[in-house]
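Novice: Sharing model-v8.txt below, compact mmCIF, C-alpha atoms:
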# COMPACT_ATOMS: atom_id res chain seq x y z
CA MET A 245 -112.85 79.41 16.35
CA SER A 246 -116.50 80.45 16.17
CA GLY A 247 -115.42 83.71 14.56
CA SER A 248 -113.86 82.01 11.56
CA ASN A 249 -117.22 81.46 9.86
CA SER A 250 -117.95 85.13 9.47
CA ARG A 251 -114.56 85.91 7.94
CA ARG A 252 -114.33 85.63 4.18
CA GLY A 253 -110.76 84.45 3.76
CA MET A 254 -109.60 80.95 4.57
CA GLY A 255 -108.08 80.41 7.99
CA GLY A 256 -105.64 77.77 9.13
CA ARG A 257 -108.29 75.12 9.73
CA ASP A 258 -109.88 75.64 6.32
CA VAL A 259 -106.54 75.29 4.62
CA ILE A 260 -105.85 72.05 6.50
CA THR A 261 -109.26 70.64 5.60
CA VAL A 262 -108.76 71.46 1.93
CA GLY A 263 -105.31 69.86 2.10
CA ILE A 264 -106.66 66.58 3.46
CA PHE A 265 -109.52 66.28 0.99
CA SER A 266 -107.19 67.21 -1.85
CA ALA A 267 -105.06 64.22 -0.86
CA ILE A 268 -108.06 61.91 -1.21
CA TYR A 269 -109.11 63.56 -4.46
CA PHE A 270 -105.64 63.20 -5.88
CA ALA A 271 -105.33 59.55 -4.85
CA ILE A 272 -108.54 58.67 -6.73
CA ASN A 273 -107.55 60.84 -9.67
CA PHE A 274 -104.13 59.24 -9.94
CA ALA A 275 -105.53 55.70 -9.80
CA PHE A 276 -107.70 56.39 -12.86
CA MET A 277 -104.85 58.16 -14.59
CA LEU A 278 -102.83 54.92 -14.33
CA LEU A 279 -105.79 52.87 -15.57
CA GLY A 280 -105.96 55.12 -18.62
CA GLY A 281 -102.64 53.64 -19.71
CA LEU A 282 -104.26 50.25 -20.25
CA HIS A 283 -106.60 51.16 -23.09
CA PRO A 284 -107.15 54.39 -25.03
CA LEU A 285 -110.90 54.23 -24.42
CA LEU A 286 -110.29 54.23 -20.67
CA TRP A 287 -108.15 57.30 -21.12
CA ILE A 288 -110.84 59.18 -23.02
CA LEU A 289 -113.48 58.21 -20.47
CA MET A 290 -111.08 58.94 -17.59
CA PRO A 291 -112.49 62.40 -16.73
CA GLY A 292 -115.92 60.78 -16.44
CA PHE A 293 -114.75 58.03 -14.14
CA ILE A 294 -112.86 60.47 -11.97
CA ALA A 295 -115.96 62.64 -11.69
CA LEU A 296 -118.07 59.64 -10.74
CA PHE A 297 -115.83 58.70 -7.85
CA THR A 298 -114.60 62.03 -6.52
CA GLY A 299 -118.05 63.46 -5.79
CA ILE A 300 -117.93 62.53 -2.13
CA PRO A 301 -114.56 64.12 -1.25
CA TYR A 302 -115.30 67.22 -3.33
CA LEU A 303 -118.75 67.87 -1.89
CA MET A 304 -117.50 67.03 1.60
CA MET A 305 -114.81 69.66 1.18
CA CYS A 306 -117.45 72.12 -0.07
CA ALA A 307 -119.64 71.40 2.94
CA LYS A 308 -116.74 71.87 5.34
CA VAL A 309 -115.08 74.92 3.83
CA GLN A 310 -117.56 77.58 2.77
CA LYS A 311 -114.97 80.21 1.95
CA VAL A 312 -113.52 81.98 -1.06
CA GLY A 313 -110.73 80.12 -2.81
CA SER A 314 -111.26 76.57 -1.57
CA VAL A 315 -111.84 75.14 -5.04
CA LEU A 316 -108.92 77.07 -6.47
CA LEU A 317 -106.66 75.80 -3.71
CA MET A 318 -107.76 72.22 -4.31
CA GLY A 319 -107.04 72.55 -8.02
CA LEU A 320 -103.72 74.22 -7.33
CA ILE A 321 -102.56 71.41 -5.03
CA THR A 322 -103.61 68.74 -7.54
CA GLY A 323 -101.83 70.62 -10.31
CA LEU A 324 -98.66 71.07 -8.29
CA ILE A 325 -98.41 67.39 -7.40
CA TYR A 326 -99.00 66.38 -11.00
CA PHE A 327 -96.32 68.83 -12.02
CA VAL A 328 -93.83 67.33 -9.56
CA THR A 329 -94.47 63.83 -10.90
CA GLY A 330 -93.92 65.02 -14.46
CA GLN A 331 -97.45 64.44 -15.75
CA PHE A 332 -98.55 67.96 -16.55
CA THR A 333 -99.02 69.35 -20.04
CA PRO A 334 -99.83 72.96 -20.96
CA VAL A 335 -103.28 71.95 -22.24
CA ILE A 336 -104.33 70.33 -18.98
CA LEU A 337 -102.95 73.35 -17.14
CA VAL A 338 -105.20 75.71 -19.09
CA SER A 339 -108.28 73.49 -18.80
CA PHE A 340 -107.65 73.04 -15.09
CA VAL A 341 -107.34 76.77 -14.45
CA ILE A 342 -110.54 77.49 -16.40
CA ALA A 343 -112.45 74.69 -14.67
CA CYS A 344 -111.35 75.70 -11.18
CA GLY A 345 -112.07 79.35 -11.88
CA LEU A 346 -115.59 78.55 -13.11
CA GLY A 347 -116.20 76.18 -10.21
CA GLU A 348 -115.10 78.85 -7.78
CA LEU A 349 -117.26 81.45 -9.53
CA VAL A 350 -120.39 79.30 -9.30
CA ARG A 351 -119.77 78.67 -5.62
CA GLY A 352 -119.27 82.40 -5.10
CA CYS A 353 -122.53 83.25 -6.88
CA THR A 354 -124.48 80.73 -4.82
CA HIS A 355 -122.89 81.93 -1.58
CA TYR A 356 -121.07 78.67 -0.93
CA THR A 357 -123.88 76.98 1.00
CA SER A 358 -126.27 75.99 -1.78
CA ILE A 359 -126.27 72.28 -2.55
CA ARG A 360 -127.22 72.89 -6.16
CA GLY A 361 -124.49 75.47 -6.53
CA ASN A 362 -121.91 73.06 -5.16
CA LEU A 363 -123.13 70.36 -7.55
CA VAL A 364 -122.83 72.68 -10.55
CA SER A 365 -119.37 73.75 -9.43
CA PHE A 366 -118.42 70.07 -9.14
CA VAL A 367 -119.53 69.46 -12.73
CA LEU A 368 -117.39 72.38 -13.89
CA PHE A 369 -114.44 71.31 -11.75
CA SER A 370 -114.60 67.78 -13.17
CA LEU A 371 -114.40 69.15 -16.70
CA GLY A 372 -110.84 70.25 -15.91
CA MET A 373 -109.51 66.73 -16.41
CA VAL A 374 -110.70 66.85 -20.05
CA GLY A 375 -107.40 68.58 -20.76
CA SER A 376 -105.53 65.29 -20.40
CA PRO A 377 -106.75 63.58 -23.58
CA LEU A 378 -107.71 66.84 -25.34
CA PRO A 379 -104.38 67.28 -27.21
CA ILE A 380 -105.41 64.30 -29.37
CA TRP A 381 -107.94 66.57 -31.04
CA LEU A 382 -106.16 69.89 -30.73
CA MET A 383 -102.83 68.88 -32.19
CA ARG A 384 -103.70 65.55 -33.68
CA GLU A 385 -100.76 64.77 -35.94
CA ASP A 386 -98.13 66.37 -33.73
CA PHE A 387 -99.41 64.72 -30.62
CA LEU A 388 -99.65 61.23 -32.08
CA ARG A 389 -96.15 61.55 -33.48
CA GLN A 390 -94.86 62.85 -30.16
CA ILE A 391 -96.27 60.05 -28.04
CA THR A 392 -95.01 57.51 -30.56
CA GLU A 393 -91.54 59.01 -30.21
CA GLN A 394 -91.88 58.92 -26.45
CA GLY A 395 -92.26 55.17 -26.78
CA MET A 396 -96.01 54.58 -26.68
CA PRO A 397 -96.76 51.26 -28.41
CA ALA A 398 -97.96 51.51 -31.99
CA ASP A 399 -101.12 49.57 -31.15
CA TYR A 400 -102.11 52.04 -28.48
CA VAL A 401 -101.49 54.99 -30.78
CA ASN A 402 -103.40 53.39 -33.67
CA THR A 403 -106.40 52.58 -31.51
CA LEU A 404 -106.23 56.10 -30.17
CA ALA A 405 -106.20 57.56 -33.68
CA ALA A 406 -109.15 55.38 -34.66
CA LEU A 407 -111.08 56.41 -31.58
CA SER A 408 -110.51 60.11 -31.90
CA SER A 409 -113.44 60.98 -34.13
CA SER A 410 -115.40 64.15 -33.53
CA SER A 411 -118.25 62.20 -31.96
CA MET A 412 -115.76 60.92 -29.40
CA LEU A 413 -114.94 64.54 -28.62
CA VAL A 414 -118.56 64.99 -27.58
CA VAL A 415 -118.29 61.86 -25.45
CA LEU A 416 -115.12 63.23 -23.89
CA PHE A 417 -116.94 66.35 -22.74
CA LEU A 418 -120.20 64.62 -21.84
CA ALA A 419 -118.55 61.91 -19.75
CA PRO A 420 -117.42 64.17 -16.89
CA VAL A 421 -120.76 66.02 -16.87
CA VAL A 422 -122.75 62.80 -16.62
CA GLY A 423 -120.21 61.31 -14.21
CA ALA A 424 -120.26 64.39 -12.01
CA ILE A 425 -124.05 64.48 -11.86
CA ILE A 426 -124.29 60.79 -10.96
CA GLY A 427 -121.35 61.15 -8.57
CA GLY A 428 -123.00 64.16 -7.01
CA PHE A 429 -126.24 62.29 -6.43
CA ILE A 430 -124.38 59.32 -4.94
CA ALA A 431 -122.62 61.78 -2.66
CA ARG A 432 -125.98 63.32 -1.68
CA ALA A 433 -127.35 59.89 -0.84
CA MET A 434 -124.27 59.10 1.23
CA PHE A 435 -124.53 62.44 3.01
CA ARG A 436 -128.13 61.69 3.95
CA LYS A 437 -127.47 58.10 4.87
CA HIS A 438 -124.29 58.52 6.89
CA PHE A 439 -122.68 61.87 7.33
CA GLU A 440 -125.71 63.86 8.47
CA LYS A 441 -126.57 61.18 11.02
CA ALA A 442 -122.98 61.19 12.24
CA GLY A 443 -123.18 64.95 12.56
CA LEU A 444 -120.26 65.59 10.22
CA VAL A 445 -121.95 68.08 7.92
CA MET B 241 -70.23 63.53 10.04
CA GLU B 242 -72.77 66.31 10.09
CA ARG B 243 -75.90 65.46 8.19
CA ARG B 244 -75.89 67.24 4.86
CA ILE B 245 -79.03 69.06 3.88
CA PHE B 246 -80.13 68.99 0.28
CA ASP B 247 -81.28 72.53 -0.32
CA PRO B 248 -85.02 72.63 -1.10
CA ARG B 249 -84.50 75.43 -3.61
CA ALA B 250 -82.00 73.32 -5.52
CA GLY B 251 -84.47 70.42 -5.36
CA LEU B 252 -87.35 72.50 -6.70
CA TRP B 253 -85.22 73.96 -9.47
CA LEU B 254 -84.09 70.50 -10.54
CA LEU B 255 -87.71 69.32 -10.49
CA VAL B 256 -88.73 72.15 -12.78
CA ALA B 257 -85.79 71.47 -15.10
CA ALA B 258 -86.47 67.73 -15.14
CA ASN B 259 -90.13 68.39 -15.94
CA ILE B 260 -89.42 70.70 -18.85
CA ILE B 261 -86.84 68.30 -20.25
CA ALA B 262 -89.26 65.38 -19.89
CA PHE B 263 -91.86 67.17 -21.96
CA ARG B 264 -89.60 68.20 -24.77
CA PRO B 265 -88.37 65.72 -27.33
CA HIS B 266 -84.91 64.88 -26.04
CA THR B 267 -82.12 62.50 -26.84
CA LEU B 268 -81.21 59.51 -24.75
CA TRP B 269 -77.86 61.16 -23.95
CA LEU B 270 -79.52 64.11 -22.33
CA GLU B 271 -81.69 61.85 -20.22
CA LEU B 272 -78.62 59.83 -19.23
CA ALA B 273 -76.81 63.05 -18.30
CA LEU B 274 -79.73 64.18 -16.15
CA VAL B 275 -79.94 60.83 -14.37
CA GLY B 276 -76.16 60.88 -13.94
CA LEU B 277 -76.28 64.37 -12.42
CA LEU B 278 -78.91 63.28 -9.93
CA LEU B 279 -76.90 60.17 -9.06
CA LEU B 280 -73.85 62.37 -8.40
CA LEU B 281 -75.92 64.62 -6.17
CA MET B 282 -77.13 61.61 -4.21
CA ALA B 283 -73.55 60.45 -3.75
CA ALA B 284 -72.47 63.96 -2.77
CA HIS B 285 -75.03 63.90 0.00
CA GLY B 286 -73.67 60.64 1.29
CA LYS B 287 -76.52 58.46 0.02
CA TYR B 288 -74.37 55.89 -1.76
CA SER B 289 -76.69 52.92 -1.43
CA MET B 290 -79.59 55.04 -2.63
CA ALA B 291 -77.60 56.12 -5.69
CA VAL B 292 -76.75 52.51 -6.50
CA LYS B 293 -80.38 51.44 -6.14
CA TRP B 294 -81.65 54.14 -8.50
CA ALA B 295 -78.85 53.47 -10.99
CA VAL B 296 -79.71 49.76 -11.06
CA GLY B 297 -83.40 50.61 -11.32
CA TYR B 298 -82.82 52.91 -14.27
CA CYS B 299 -80.66 50.40 -16.10
CA ALA B 300 -83.24 47.68 -15.53
CA LEU B 301 -86.00 49.92 -16.85
CA LEU B 302 -83.99 50.84 -19.91
CA LEU B 303 -83.06 47.23 -20.66
CA PHE B 304 -86.64 46.12 -20.11
CA GLN B 305 -87.97 48.75 -22.48
CA GLN B 306 -85.34 48.36 -25.19
CA TYR B 307 -84.76 44.61 -25.26
CA ILE B 308 -87.33 42.59 -23.37
CA LEU B 309 -90.56 44.35 -24.41
CA PRO B 310 -90.04 44.14 -28.19
CA ALA B 311 -89.36 40.42 -27.81
CA SER B 312 -92.29 39.62 -25.53
CA PRO B 313 -95.80 38.60 -26.61
CA LYS B 314 -98.04 41.38 -27.89
CA ILE B 315 -100.52 41.37 -25.04
CA ILE B 316 -97.80 41.88 -22.44
CA ALA B 317 -96.06 44.45 -24.60
CA THR B 318 -99.12 46.68 -24.99
CA SER B 319 -100.03 46.55 -21.31
CA PHE B 320 -96.56 47.33 -20.04
CA THR B 321 -95.15 49.74 -22.61
CA VAL B 322 -97.28 52.62 -21.38
CA PHE B 323 -96.19 52.01 -17.82
CA THR B 324 -92.50 51.81 -18.67
CA THR B 325 -92.77 54.92 -20.83
CA TYR B 326 -94.41 56.85 -18.01
CA ALA B 327 -91.91 55.45 -15.54
CA ARG B 328 -88.97 56.53 -17.66
CA ARG B 329 -90.38 59.97 -18.20
CA MET B 330 -91.02 60.39 -14.49
CA PHE B 331 -87.72 58.84 -13.43
CA PRO B 332 -85.64 62.03 -12.96
CA CYS B 333 -88.53 63.66 -11.10
CA LEU B 334 -88.89 60.64 -8.84
CA MET B 335 -85.15 60.63 -8.16
CA THR B 336 -85.16 64.30 -7.18
CA GLY B 337 -88.24 63.72 -5.08
CA SER B 338 -86.78 60.81 -3.16
CA LEU B 339 -83.51 62.68 -2.59
CA MET B 340 -85.51 65.56 -1.15
CA LEU B 341 -87.50 63.15 0.97
CA LYS B 342 -84.31 61.69 2.44
CA CYS B 343 -82.10 64.77 2.67
CA THR B 344 -84.44 67.71 3.12
CA PRO B 345 -86.19 67.64 6.50
CA LEU B 346 -89.66 69.15 6.31
CA ARG B 347 -88.75 72.19 8.40
CA TYR B 348 -85.93 73.10 6.01
CA PHE B 349 -88.31 72.58 3.12
CA ILE B 350 -90.79 75.00 4.65
CA VAL B 351 -88.07 77.57 5.32
CA GLY B 352 -87.00 77.23 1.68
CA LEU B 353 -90.55 77.76 0.43
CA ARG B 354 -90.92 80.80 2.67
CA GLN B 355 -87.75 82.27 1.25
CA LEU B 356 -89.20 81.81 -2.21
CA ARG B 357 -92.17 83.89 -1.01
CA VAL B 358 -94.70 81.09 -1.45
CA PRO B 359 -97.88 82.11 0.41
CA GLN B 360 -98.16 80.59 3.86
CA ARG B 361 -101.61 79.09 3.11
CA LEU B 362 -100.32 77.21 0.12
CA ILE B 363 -97.35 75.89 2.11
CA VAL B 364 -99.66 74.59 4.84
CA ALA B 365 -102.12 73.02 2.40
CA VAL B 366 -99.44 71.30 0.33
CA SER B 367 -97.61 69.96 3.39
CA VAL B 368 -100.85 68.57 4.77
CA THR B 369 -101.71 66.93 1.45
CA LEU B 370 -98.30 65.32 1.13
CA ARG B 371 -98.36 64.11 4.71
CA TYR B 372 -101.85 62.66 4.30
CA PHE B 373 -100.97 60.24 1.47
CA PRO B 374 -99.28 57.69 3.76
CA ALA B 375 -102.16 58.16 6.20
CA ILE B 376 -104.66 57.18 3.46
CA ARG B 377 -102.76 53.98 2.82
CA GLU B 378 -102.70 53.18 6.52
CA GLU B 379 -106.42 53.85 6.89
CA MET B 380 -107.23 51.68 3.88
CA GLY B 381 -105.32 48.81 5.51
CA TYR B 382 -107.36 49.07 8.70
CA ILE B 383 -110.62 49.38 6.81
CA ARG B 384 -109.80 46.34 4.70
CA ASP B 385 -109.04 44.30 7.82
CA ALA B 386 -112.27 45.38 9.46
CA MET B 387 -114.26 44.44 6.36
CA LYS B 388 -112.60 41.04 6.25
CA LEU B 389 -113.57 40.42 9.86
CA ARG B 390 -117.19 41.27 9.22
CA ASP B 391 -117.24 39.57 5.83
CA VAL B 392 -118.42 42.54 3.80
CA ARG B 393 -118.78 41.67 0.12
CA GLY B 394 -119.73 43.11 -3.24
CA LEU B 395 -120.84 46.68 -3.70
CA ALA B 396 -121.05 47.15 0.05
CA ARG B 397 -117.25 47.02 0.07
CA LEU B 398 -117.09 50.26 -1.88
CA GLU B 399 -119.42 52.02 0.50
CA GLY B 400 -117.63 50.38 3.41
CA THR B 401 -114.33 51.83 2.21
CA VAL B 402 -115.40 55.33 1.28
CA ILE B 403 -117.50 56.19 4.34
CA PRO B 404 -114.93 55.38 7.07
CA LEU B 405 -112.25 57.06 4.96
CA MET B 406 -114.26 60.26 4.75
CA VAL B 407 -115.18 60.15 8.43
CA SER B 408 -111.58 59.67 9.51
CA ALA B 409 -110.43 62.40 7.10
CA THR B 410 -112.94 64.81 8.63
CA GLU B 411 -111.83 63.89 12.13
CA THR B 412 -108.16 64.25 11.25
CA ALA B 413 -108.89 67.67 9.75
CA GLU B 414 -110.60 68.74 12.98
CA GLU B 415 -107.86 67.46 15.25
CA LEU B 416 -105.02 68.74 13.12
CA SER B 417 -106.60 72.20 12.90
CA ALA B 418 -107.12 72.29 16.64
CA ALA B 419 -103.47 71.38 17.18
CA ALA B 420 -102.27 73.88 14.57
CA VAL B 421 -104.42 76.70 15.95
CA THR B 422 -103.04 76.00 19.42
CA ARG B 423 -99.57 76.35 17.98
CA GLY B 424 -100.45 79.68 16.48
CA ILE B 425 -101.04 78.93 12.81
CA GLU B 426 -103.52 81.79 12.52
CA ASP B 427 -101.13 84.31 14.02
CA PRO B 428 -100.70 86.97 11.30
CA ALA B 429 -97.13 87.85 12.35
CA PRO B 430 -94.36 86.57 10.06
CA LYS B 431 -93.11 83.17 11.17
CA THR B 432 -89.61 82.76 12.48
CA SER B 433 -87.54 79.65 12.23
CA ALA B 434 -84.88 77.96 14.34
CA VAL B 435 -83.00 76.67 11.31
CA PHE B 436 -81.00 78.53 8.69
CA LEU B 437 -80.74 77.63 5.07
CA ARG B 438 -77.53 78.19 3.20
CA LEU B 439 -76.94 77.01 -0.35
CA SER B 440 -73.99 74.61 -0.28
CA PRO B 441 -71.46 74.65 -3.16
CA VAL B 442 -72.53 71.13 -4.12
CA ASP B 443 -76.19 72.11 -4.48
CA LEU B 444 -75.23 75.27 -6.33
CA ALA B 445 -73.18 73.21 -8.77
CA GLY B 446 -76.13 70.86 -9.17
CA MET B 447 -78.44 73.76 -9.97
CA ALA B 448 -75.99 75.14 -12.52
CA ALA B 449 -75.63 71.73 -14.16
CA GLY B 450 -79.43 71.47 -14.30
CA LEU B 451 -79.56 74.81 -16.07
CA VAL B 452 -76.95 73.68 -18.59
CA LEU B 453 -78.90 70.49 -19.34
CA LEU B 454 -82.09 72.49 -19.72
CA ALA B 455 -80.39 74.85 -22.17
CA LEU B 456 -78.95 71.86 -24.05
CA SER B 457 -82.40 70.36 -24.43
CA PHE B 458 -83.43 73.44 -26.37
CA VAL B 459 -80.28 73.67 -28.46
CA VAL B 460 -79.59 70.03 -29.31
CA GLN B 461 -82.50 68.29 -30.94
Output the file's structure in the form of structure tokens.
Specialist:
Amino acid sequence: MSGSNSRRGMGGRDVITVGIFSAIYFAINFAFMLLGGLHPLLWILMPGFIALFTGIPYLMMCAKVQKVGSVLLMGLITGLIYFVTGQFTPVILVSFVIACGLGELVRGCTHYTSIRGNLVSFVLFSLGMVGSPLPIWLMREDFLRQITEQGMPADYVNTLAALSSSSMLVVLFLAPVVGAIIGGFIARAMFRKHFEKAGLV
Amino acid sequence: MERRIFDPRAGLWLLVAANIIAFRPHTLWLELALVGLLLLLMAAHGKYSMAVKWAVGYCALLLFQQYILPASPKIIATSFTVFTTYARRMFPCLMTGSLMLKCTPLRYFIVGLRQLRVPQRLIVAVSVTLRYFPAIREEMGYIRDAMKLRDVRGLARLEGTVIPLMVSATETAEELSAAAVTRGIEDPAPKTSAVFLRLSPVDLAGMAAGLVLLALSFVVQ
């Protein structure tokens, strides 16, 4: 197994590690997705909250798997499971692909080991979830009509329409960046406090 | 009676169809037809009690959404409508998923994915992810018990949950990889399988019916 570090592609153990951390990432992601149903504001801030709390599993995965394609695989698994549960829209698909691609690119440029590089790639990766509320701005009228037809309560839709000003769009994009940076620093602190002592990273 | 296998390819196709239908504006009749098709498939695979449970569940959901919610106080209505809407949209997908869970053993599922030429790495990663969800729940239970014993409170609870979870995930990853490598997961030769997959007439009919419903969702608005 010592030879697997020098190879560029992912081996069996890397794939398994990514699979396990993707499960944790998805569980956190899904919990906030459900919370977003309670109030429109929670939905718009959802990418930020997810970024805040998924820093540890993401950076742990980065520390464990320093190979090409790990971020893409993580995004692909998350996307596939969302697809199976019927939650995926074309917009989130596009934003997810872009975010994972950029995250992967940054890790590639920083040779996968740099802490700063991993942090930047986490910020980019977190931006992928922006695609969930983004249709409110992209296809405003259509989207609001569509979710009303799908049975969303009028109150929810009205609050959503009131909230979706262009300044909220800035908030939507800023939230994951801020969340990811804070989440990343929390993760760093946890790494120093626990994982390095335990010899895990 | 020999245990009937629900073909994974039929399952995946129905999932795709159900997903596309869920995202297009569709009539209630189409949704009913889709649910009915899935119920028939469940019955065809000998899962009668399962079919009854899902049928009752769907009716309850529909009644709840159409009759009880509009009549209930506003605060309850706004909190629950989103959940019921999501639940209804996801219902056909959940039905297909649970049928696959019951009637498609994992090894048949993997053979099916291989036949669809899904890359081996993706198959491994997805199977590990799916298998790890119940493990997360189990771990959380143990961690919660341990925290109760030691009377951990406040913000320390968050740290106390995340750290053991990450440590055990890392350990599981190590152990699972060691086991998988021993069993030859990194062998580049194409994998063979002890089981064969043949599309049964029932599953084929189900796939065809799924296609018809999908086409209808585009034609009938």
Novice: Please identify every residue of chain B that has at least one atom no more than 8 Å from any atom of chain A, counting only C-alpha atoms, and report them as a PyMOL selection string.
Specialist: chain B and resi 255-256+258-259+262-263+265+317-319+321-323+325+329-330+333-334+361-362+364-370+372-373+376+403+406-407+409-410+413-414+416-418+420-421+425-426
Novice: Is there a way to get, as a ChimeraX atom specification, all residues within 12 Å of the point (-74.9, 65.2, -6.2) in file coordinates, counting all atoms listed in the file?
Specialist: /B:244-247,250-251,254,274-288,290-291,335-336,339-340,343,440-450
Novice: Tell me, in Å to one decimal, how far atom CA of B:Arg384 is from atom CA of A:Ala307.
Specialist: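 These atoms are spaced 27.0 Å apart.
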Novice: Hey, which of A:Val312, A:Leu382, A:Lys441, A:Leu363 ends up closest to A:Glu348? Count all atoms listed in the file.
Specialist: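 Closest candidate: A:Val312.
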Novice: Figure out the distance between atom CA of A:Ser365 and atom CA of A:Arg436, please, to one decimal in Å.
Specialist: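 These two atoms are separated by 20.0 Å.
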Novice: Which value, in Å to one decimal, gives the distance between atom CA of B:Gln305 and atom CA of B:Thr324?
Specialist: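 Between atom CA of B:Gln305 and atom CA of B:Thr324 the gap is 6.7 Å.
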Novice: Find the spatial neighbours of A:Val415, counting all atoms listed in the file, within a cut-off of 12 Å - ignore same-chain residues fewer than 2 positions away - and output them as a PyMOL selection string.
Specialist: chain A and resi 285+287-292+374+377-378+407-413+417-423
Novice: Could you add whatever atoms are missing so that stretch 386-397 of chain A carries N, CA and C atoms, then write the result as a PDB file, in the coordinates of the input?
Specialist:
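The resulting file, part13.pdb, is shown below:
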ATOM      1  N   ASP A 386     -99.294  66.123 -34.571  1.00  0.00           N
ATOM      2  CA  ASP A 386     -98.130  66.370 -33.730  1.00  0.00           C
ATOM      3  C   ASP A 386     -98.140  65.479 -32.499  1.00  0.00           C
ATOM      4  N   PHE A 387     -99.313  65.435 -31.884  1.00  0.00           N
ATOM      5  CA  PHE A 387     -99.410  64.720 -30.620  1.00  0.00           C
ATOM      6  C   PHE A 387     -99.183  63.227 -30.812  1.00  0.00           C
ATOM      7  N   LEU A 388     -99.800  62.670 -31.841  1.00  0.00           N
ATOM      8  CA  LEU A 388     -99.650  61.230 -32.080  1.00  0.00           C
ATOM      9  C   LEU A 388     -98.196  60.892 -32.387  1.00  0.00           C
ATOM     10  N   ARG A 389     -97.546  61.784 -33.161  1.00  0.00           N
ATOM     11  CA  ARG A 389     -96.150  61.550 -33.480  1.00  0.00           C
ATOM     12  C   ARG A 389     -95.306  61.629 -32.208  1.00  0.00           C
ATOM     13  N   GLN A 390     -95.637  62.635 -31.379  1.00  0.00           N
ATOM     14  CA  GLN A 390     -94.860  62.850 -30.160  1.00  0.00           C
ATOM     15  C   GLN A 390     -94.953  61.658 -29.219  1.00  0.00           C
ATOM     16  N   ILE A 391     -96.185  61.157 -28.993  1.00  0.00           N
ATOM     17  CA  ILE A 391     -96.270  60.050 -28.040  1.00  0.00           C
ATOM     18  C   ILE A 391     -95.687  58.774 -28.638  1.00  0.00           C
ATOM     19  N   THR A 392     -95.683  58.668 -29.972  1.00  0.00           N
ATOM     20  CA  THR A 392     -95.010  57.510 -30.560  1.00  0.00           C
ATOM     21  C   THR A 392     -93.512  57.601 -30.300  1.00  0.00           C
ATOM     22  N   GLU A 393     -92.965  58.827 -30.465  1.00  0.00           N
ATOM     23  CA  GLU A 393     -91.540  59.010 -30.210  1.00  0.00           C
ATOM     24  C   GLU A 393     -91.203  58.761 -28.757  1.00  0.00           C
ATOM     25  N   GLN A 394     -92.133  59.119 -27.878  1.00  0.00           N
ATOM     26  CA  GLN A 394     -91.880  58.920 -26.450  1.00  0.00           C
ATOM     27  C   GLN A 394     -91.972  57.444 -26.073  1.00  0.00           C
ATOM     28  N   GLY A 395     -92.324  56.604 -27.038  1.00  0.00           N
ATOM     29  CA  GLY A 395     -92.260  55.170 -26.780  1.00  0.00           C
ATOM     30  C   GLY A 395     -93.597  54.510 -26.520  1.00  0.00           C
ATOM     31  N   MET A 396     -94.711  55.225 -26.808  1.00  0.00           N
ATOM     32  CA  MET A 396     -96.010  54.580 -26.680  1.00  0.00           C
ATOM     33  C   MET A 396     -96.107  53.484 -27.743  1.00  0.00           C
ATOM     34  N   PRO A 397     -96.682  52.349 -27.426  1.00  0.00           N
ATOM     35  CA  PRO A 397     -96.760  51.260 -28.410  1.00  0.00           C
ATOM     36  C   PRO A 397     -97.614  51.664 -29.602  1.00  0.00           C
TER      37      PRO A 397
END
